[in-house]
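Just entry29.cif here, mmCIF, C-alpha atoms:
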data_protein
loop_
_atom_site.group_PDB
_atom_site.id
_atom_site.type_symbol
_atom_site.label_atom_id
_atom_site.label_comp_id
_atom_site.auth_asym_id
_atom_site.auth_seq_id
_atom_site.Cartn_x
_atom_site.Cartn_y
_atom_site.Cartn_z
ATOM 1 C CA ALA P 1 155.591 125.758 24.618
ATOM 2 C CA ASN P 2 152.375 124.488 26.107
ATOM 3 C CA MET P 3 151.986 120.781 25.327
ATOM 4 C CA LEU P 4 148.505 121.522 23.997
ATOM 5 C CA ASP P 5 150.063 123.611 21.214
ATOM 6 C CA ILE P 6 152.520 120.975 19.938
ATOM 7 C CA GLY P 7 150.653 120.658 16.609
ATOM 8 C CA ASN P 8 150.928 124.405 15.990
ATOM 9 C CA VAL P 9 154.424 125.100 17.323
ATOM 10 C CA PHE P 10 156.424 122.308 15.684
ATOM 11 C CA ASP P 11 156.733 121.276 12.039
ATOM 12 C CA ILE P 12 154.127 118.891 10.633
ATOM 13 C CA ASP P 13 155.244 115.334 9.658
ATOM 14 C CA GLN P 14 158.746 116.161 10.860
ATOM 15 C CA TYR P 15 159.692 113.917 13.766
ATOM 16 C CA GLU P 16 160.328 110.205 14.115
ATOM 17 C CA LEU P 17 159.819 110.208 17.891
ATOM 18 C CA VAL P 18 157.834 112.248 20.413
ATOM 19 C CA THR P 19 158.136 111.588 24.156
ATOM 20 C CA CYS P 20 155.931 112.632 27.051
ATOM 21 C CA PHE P 21 157.533 111.441 30.287
ATOM 22 C CA GLY P 22 157.189 112.276 33.959
ATOM 23 C CA ASN P 23 153.450 111.654 34.473
ATOM 24 C CA THR P 24 152.741 115.010 32.794
ATOM 25 C CA LEU P 25 149.654 113.867 30.868
ATOM 26 C CA VAL P 26 147.532 113.737 34.033
ATOM 27 C CA HIS P 27 148.158 117.443 34.601
ATOM 28 C CA LEU P 28 145.738 118.125 31.743
ATOM 29 C CA SER P 29 142.333 118.692 33.279
ATOM 30 C CA HIS P 30 139.869 117.338 30.702
ATOM 31 C CA GLU P 31 139.610 114.494 28.214
ATOM 32 C CA ASN P 32 139.325 117.070 25.394
ATOM 33 C CA GLU P 33 142.756 118.471 26.369
ATOM 34 C CA ILE P 34 144.290 114.990 26.212
ATOM 35 C CA ASP P 35 142.583 114.494 22.849
ATOM 36 C CA ARG P 36 144.012 117.823 21.606
ATOM 37 C CA PHE P 37 147.504 116.866 22.753
ATOM 38 C CA PHE P 38 147.353 113.451 21.050
ATOM 39 C CA SER P 39 146.099 115.108 17.856
ATOM 40 C CA GLY P 40 149.066 117.478 17.943
ATOM 41 C CA VAL P 41 151.506 114.614 18.481
ATOM 42 C CA PHE P 42 149.999 112.849 15.466
ATOM 43 C CA LYS P 43 150.515 115.978 13.336
ATOM 44 C CA VAL P 44 154.206 116.408 14.145
ATOM 45 C CA LEU P 45 155.173 112.748 13.777
ATOM 46 C CA LYS P 46 156.213 111.319 10.433
ATOM 47 C CA GLU P 47 154.147 108.399 9.168
ATOM 48 C CA GLY P 48 155.310 105.371 11.171
ATOM 49 C CA GLY P 49 156.767 107.616 13.879
ATOM 50 C CA ILE P 50 156.680 106.516 17.503
ATOM 51 C CA PHE P 51 154.997 108.217 20.451
ATOM 52 C CA LEU P 52 156.382 107.205 23.866
ATOM 53 C CA LEU P 53 154.321 108.161 26.892
ATOM 54 C CA GLN P 54 154.922 107.541 30.584
ATOM 55 C CA ILE P 55 152.361 107.996 33.317
ATOM 56 C CA LEU P 56 151.436 105.998 36.376
ATOM 57 C CA ASN P 57 149.009 103.096 36.269
ATOM 58 C CA TYR P 58 145.908 104.847 37.574
ATOM 59 C CA ASP P 59 143.826 101.686 37.191
ATOM 60 C CA ASN P 60 146.016 100.203 39.950
ATOM 61 C CA ILE P 61 146.287 103.395 42.015
ATOM 62 C CA VAL P 62 142.546 104.117 42.121
ATOM 63 C CA SER P 63 141.260 100.541 42.439
ATOM 64 C CA ASN P 64 143.689 99.778 45.274
ATOM 65 C CA GLY P 65 143.494 103.175 46.978
ATOM 66 C CA ILE P 66 147.241 103.743 46.760
ATOM 67 C CA SER P 67 147.670 106.969 48.715
ATOM 68 C CA SER P 68 151.437 107.427 48.523
ATOM 69 C CA LEU P 69 154.143 106.830 45.971
ATOM 70 C CA PRO P 70 157.526 105.332 46.829
ATOM 71 C CA LEU P 71 159.830 107.655 48.762
ATOM 72 C CA ILE P 72 162.674 109.163 46.752
ATOM 73 C CA GLU P 73 165.697 109.833 48.928
ATOM 74 C CA ASN P 74 169.409 110.289 48.392
ATOM 75 C CA GLU P 75 172.213 112.229 50.067
ATOM 76 C CA ARG P 76 170.775 115.566 48.836
ATOM 77 C CA ILE P 77 166.978 115.311 48.998
ATOM 78 C CA ARG P 78 163.975 113.507 50.435
ATOM 79 C CA PHE P 79 160.850 113.600 48.227
ATOM 80 C CA VAL P 80 157.470 112.519 49.639
ATOM 81 C CA ARG P 81 154.432 112.184 47.322
ATOM 82 C CA ASN P 82 150.867 111.569 48.532
ATOM 83 C CA TYR P 83 147.459 111.222 46.891
ATOM 84 C CA ASP P 84 144.026 112.282 48.150
ATOM 85 C CA PHE P 85 141.102 110.795 46.221
ATOM 86 C CA LEU P 86 138.503 113.504 45.647
ATOM 87 C CA ASN P 87 134.759 113.048 45.120
ATOM 88 C CA ASN P 88 134.924 114.765 41.691
ATOM 89 C CA GLY P 89 137.124 112.006 40.233
ATOM 90 C CA PHE P 90 140.314 114.029 40.459
ATOM 91 C CA ILE P 91 143.266 113.208 42.687
ATOM 92 C CA GLY P 92 144.874 115.735 45.003
ATOM 93 C CA PHE P 93 148.634 115.321 44.583
ATOM 94 C CA LYS P 94 150.702 116.660 47.482
ATOM 95 C CA THR P 95 154.485 116.758 47.510
ATOM 96 C CA SER P 96 157.076 117.608 50.118
ATOM 97 C CA LEU P 97 160.680 118.090 49.020
ATOM 98 C CA PHE P 98 163.241 118.324 51.808
ATOM 99 C CA ILE P 99 166.631 119.728 50.758
ATOM 100 C CA LYS P 100 169.191 118.337 53.166
ATOM 101 C CA SER P 101 171.973 120.879 52.582
ATOM 102 C CA ASN P 102 169.956 123.840 53.887
ATOM 103 C CA GLN P 103 167.201 122.004 55.784
ATOM 104 C CA GLN P 104 164.563 123.640 53.522
ATOM 105 C CA THR P 105 161.173 122.037 52.853
ATOM 106 C CA ILE P 106 159.186 122.900 49.735
ATOM 107 C CA GLU P 107 155.566 121.775 49.670
ATOM 108 C CA ASN P 108 153.180 121.777 46.731
ATOM 109 C CA SER P 109 149.750 120.476 45.812
ATOM 110 C CA ILE P 110 147.901 120.160 42.518
ATOM 111 C CA MET P 111 144.871 118.339 41.159
ATOM 112 C CA LEU P 112 145.460 115.521 38.671
ATOM 113 C CA LYS P 113 143.005 113.900 36.262
ATOM 114 C CA PRO P 114 143.708 110.182 36.371
ATOM 115 C CA ILE P 115 143.533 108.531 32.975
ATOM 116 C CA PHE P 116 142.720 104.862 32.793
ATOM 117 C CA ILE P 117 144.174 102.335 30.366
ATOM 118 C CA ASP P 118 141.021 101.778 28.303
ATOM 119 C CA GLU P 119 140.480 105.547 27.976
ATOM 120 C CA LEU P 120 144.117 106.050 27.028
ATOM 121 C CA LYS P 121 143.998 103.365 24.324
ATOM 122 C CA GLU P 122 140.710 104.732 22.981
ATOM 123 C CA LEU P 123 142.065 108.288 22.687
ATOM 124 C CA LEU P 124 145.284 107.117 21.062
ATOM 125 C CA THR P 125 143.378 105.006 18.519
ATOM 126 C CA LYS P 126 140.929 107.843 17.819
ATOM 127 C CA ASN P 127 143.870 110.122 17.044
ATOM 128 C CA GLY P 128 145.507 107.823 14.525
ATOM 129 C CA PHE P 129 147.809 105.631 16.606
ATOM 130 C CA SER P 130 148.159 101.859 16.313
ATOM 131 C CA ASN P 131 150.475 99.140 17.603
ATOM 132 C CA ILE P 132 149.798 100.373 21.132
ATOM 133 C CA GLU P 133 152.050 98.519 23.563
ATOM 134 C CA LEU P 134 152.106 98.795 27.359
ATOM 135 C CA TYR P 135 155.141 98.252 29.577
ATOM 136 C CA GLY P 136 155.647 98.160 33.332
ATOM 137 C CA GLY P 137 158.727 100.385 33.183
ATOM 138 C CA PHE P 138 161.386 101.943 30.988
ATOM 139 C CA ASN P 139 163.320 98.679 31.007
ATOM 140 C CA GLY P 140 160.589 97.082 28.870
ATOM 141 C CA GLU P 141 159.291 94.801 31.597
ATOM 142 C CA MET P 142 155.877 93.280 31.055
ATOM 143 C CA PHE P 143 152.958 95.458 32.152
ATOM 144 C CA THR P 144 150.611 93.901 34.723
ATOM 145 C CA SER P 145 147.597 95.211 36.609
ATOM 146 C CA LYS P 146 149.900 95.704 39.635
ATOM 147 C CA SER P 147 152.542 97.738 37.758
ATOM 148 C CA LEU P 148 152.929 101.249 39.146
ATOM 149 C CA PRO P 149 154.648 102.784 36.120
ATOM 150 C CA LEU P 150 152.927 102.671 32.751
ATOM 151 C CA VAL P 151 155.032 103.212 29.649
ATOM 152 C CA VAL P 152 153.154 103.307 26.343
ATOM 153 C CA SER P 153 154.530 102.977 22.839
ATOM 154 C CA ALA P 154 152.218 103.866 19.938
ATOM 155 C CA LYS P 155 152.871 104.127 16.239
ATOM 156 C CA ARG P 156 151.475 106.870 14.009
ATOM 157 C CA ARG P 157 149.379 105.425 11.200
ATOM 158 C CA SER P 158 149.117 107.105 7.810
ATOM 159 C CA ASN P 159 147.042 110.291 7.612
ATOM 160 C CA LEU P 160 143.413 109.722 8.549
#
Take the structure in the file and give it back as structure tokens.
Amino acid sequence: ANMLDIGNVFDIDQYELVTCFGNTLVHLSHENEIDRFFSGVFKVLKEGGIFLLQILNYDNIVSNGISSLPLIENERIRFVRNYDFLNNGFIGFKTSLFIKSNQQTIENSIMLKPIFIDELKELLTKNGFSNIELYGGFNGEMFTSKSLPLVVSAKRRSNL
């Protein structure tokens, strides 16, 4: 299902945990789409349920002009990821995946809407989440302004 339809596709007040990993949130193109998604997550979570979200720290990326992400390489693939900062506030995300077994390269590009920490917290709070905690990785390390990963834990309050 489309992540924007989570509140209509899944049962209301049914789940104790919802996850959104893989920097997917920034593929939504407008703040109102992020708002709609968060509203849907609120609907499907039980009271006190947890929403876990992982994106990159766009405060760090944009303010420091980080134009490439760390190379991912193993015996099977080589994955290169680059950013182009566009004048409209979006980021051009370009990837190149090299498959070593057949020497094939797959390239892709897409526009991302960076979301900043203050905006993220504001939208989560607006949609009924509290106890918002930020981490610098899945291992629970402390989040700093220089962290590249951003993992967020938020708790669903009672119905608004």
Practice prompt. Taking the file as shown, find all residues satisfying the PyMOL selection byres ((chain P and resi 138-152) around 10) and write them as an NGL selection string.
Written response: :P and (19-21 or 23 or 51-61 or 64 or 66 or 69-70 or 117 or 120-121 or 132-137 or 153-154)
Fill in: Contact residues around Asn74 of chain P with only C-alpha atoms at 12 Å, ignoring same-chain residues under 5 positions, as a list in words
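The residues satisfying every condition are Phe79, Leu97, Phe98, Ile99, Lys100 and Ser101 of chain P.
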Worksheet entry | Nearest candidate to Asn8 of chain P (options P:Arg36, P:Lys155, P:Arg78, P:Lys113; using all atoms listed in the file) |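 Using all atoms listed in the file, the shortest distance to Asn8 of chain P belongs to P:Arg36.
Compared by their closest atoms to Asn88 of chain P, and using only C-alpha atoms, the residues P:Pro114, P:Gly22, P:Ser130, P:Glu47 rank with P:Pro114 nearest.
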Fill in: Coordinates-based distance that separates atom CA of Gly89 of chain P from atom CA of Gly65 of chain P (Å, one decimal)
12.8 Å
Worksheet item: At most 10 Å from (160.5, 114.5, 19.3), file frame, only C-alpha atoms: which residues, as an NGL selection string?
Response: :P and (10 or 14-20 or 41 or 44-45 or 49-52)
Worksheet entry | Atom pair atom CA of Arg81 of chain P / atom CA of Phe93 of chain P: separation (Å) | 7.1 Å
Practice prompt. Please measure the separation of atom CA of Glu107 of chain P and atom CA of Glu73 of chain P, giving the value in Å to one decimal.
Written response: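 Answer for the atom CA of Glu107 of chain P to atom CA of Glu73 of chain P separation: 15.7 Å.
Every protein, DNA or RNA residue with an atom at most 9 Å from Lys94 of chain P, where only C-alpha atoms count and chain neighbours fewer than 3 positions away do not, is listed here: Val80, Arg81, Asn82, Tyr83, Asp84, Glu107, Asn108, Ser109, Ile110 and Met111 of chain P.
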The selected residues should be written to file as a PDB file, keeping the file's coordinate frame (atoms: C-alpha atoms).
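Output below, filename part.pdb:
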ATOM      1  CA  VAL P  80     157.470 112.519  49.639  1.00  0.00           C
ATOM      2  CA  ARG P  81     154.432 112.184  47.322  1.00  0.00           C
ATOM      3  CA  ASN P  82     150.867 111.569  48.532  1.00  0.00           C
ATOM      4  CA  TYR P  83     147.459 111.222  46.891  1.00  0.00           C
ATOM      5  CA  ASP P  84     144.026 112.282  48.150  1.00  0.00           C
ATOM      6  CA  GLU P 107     155.566 121.775  49.670  1.00  0.00           C
ATOM      7  CA  ASN P 108     153.180 121.777  46.731  1.00  0.00           C
ATOM      8  CA  SER P 109     149.750 120.476  45.812  1.00  0.00           C
ATOM      9  CA  ILE P 110     147.901 120.160  42.518  1.00  0.00           C
ATOM     10  CA  MET P 111     144.871 118.339  41.159  1.00  0.00           C
TER      11      MET P 111
END
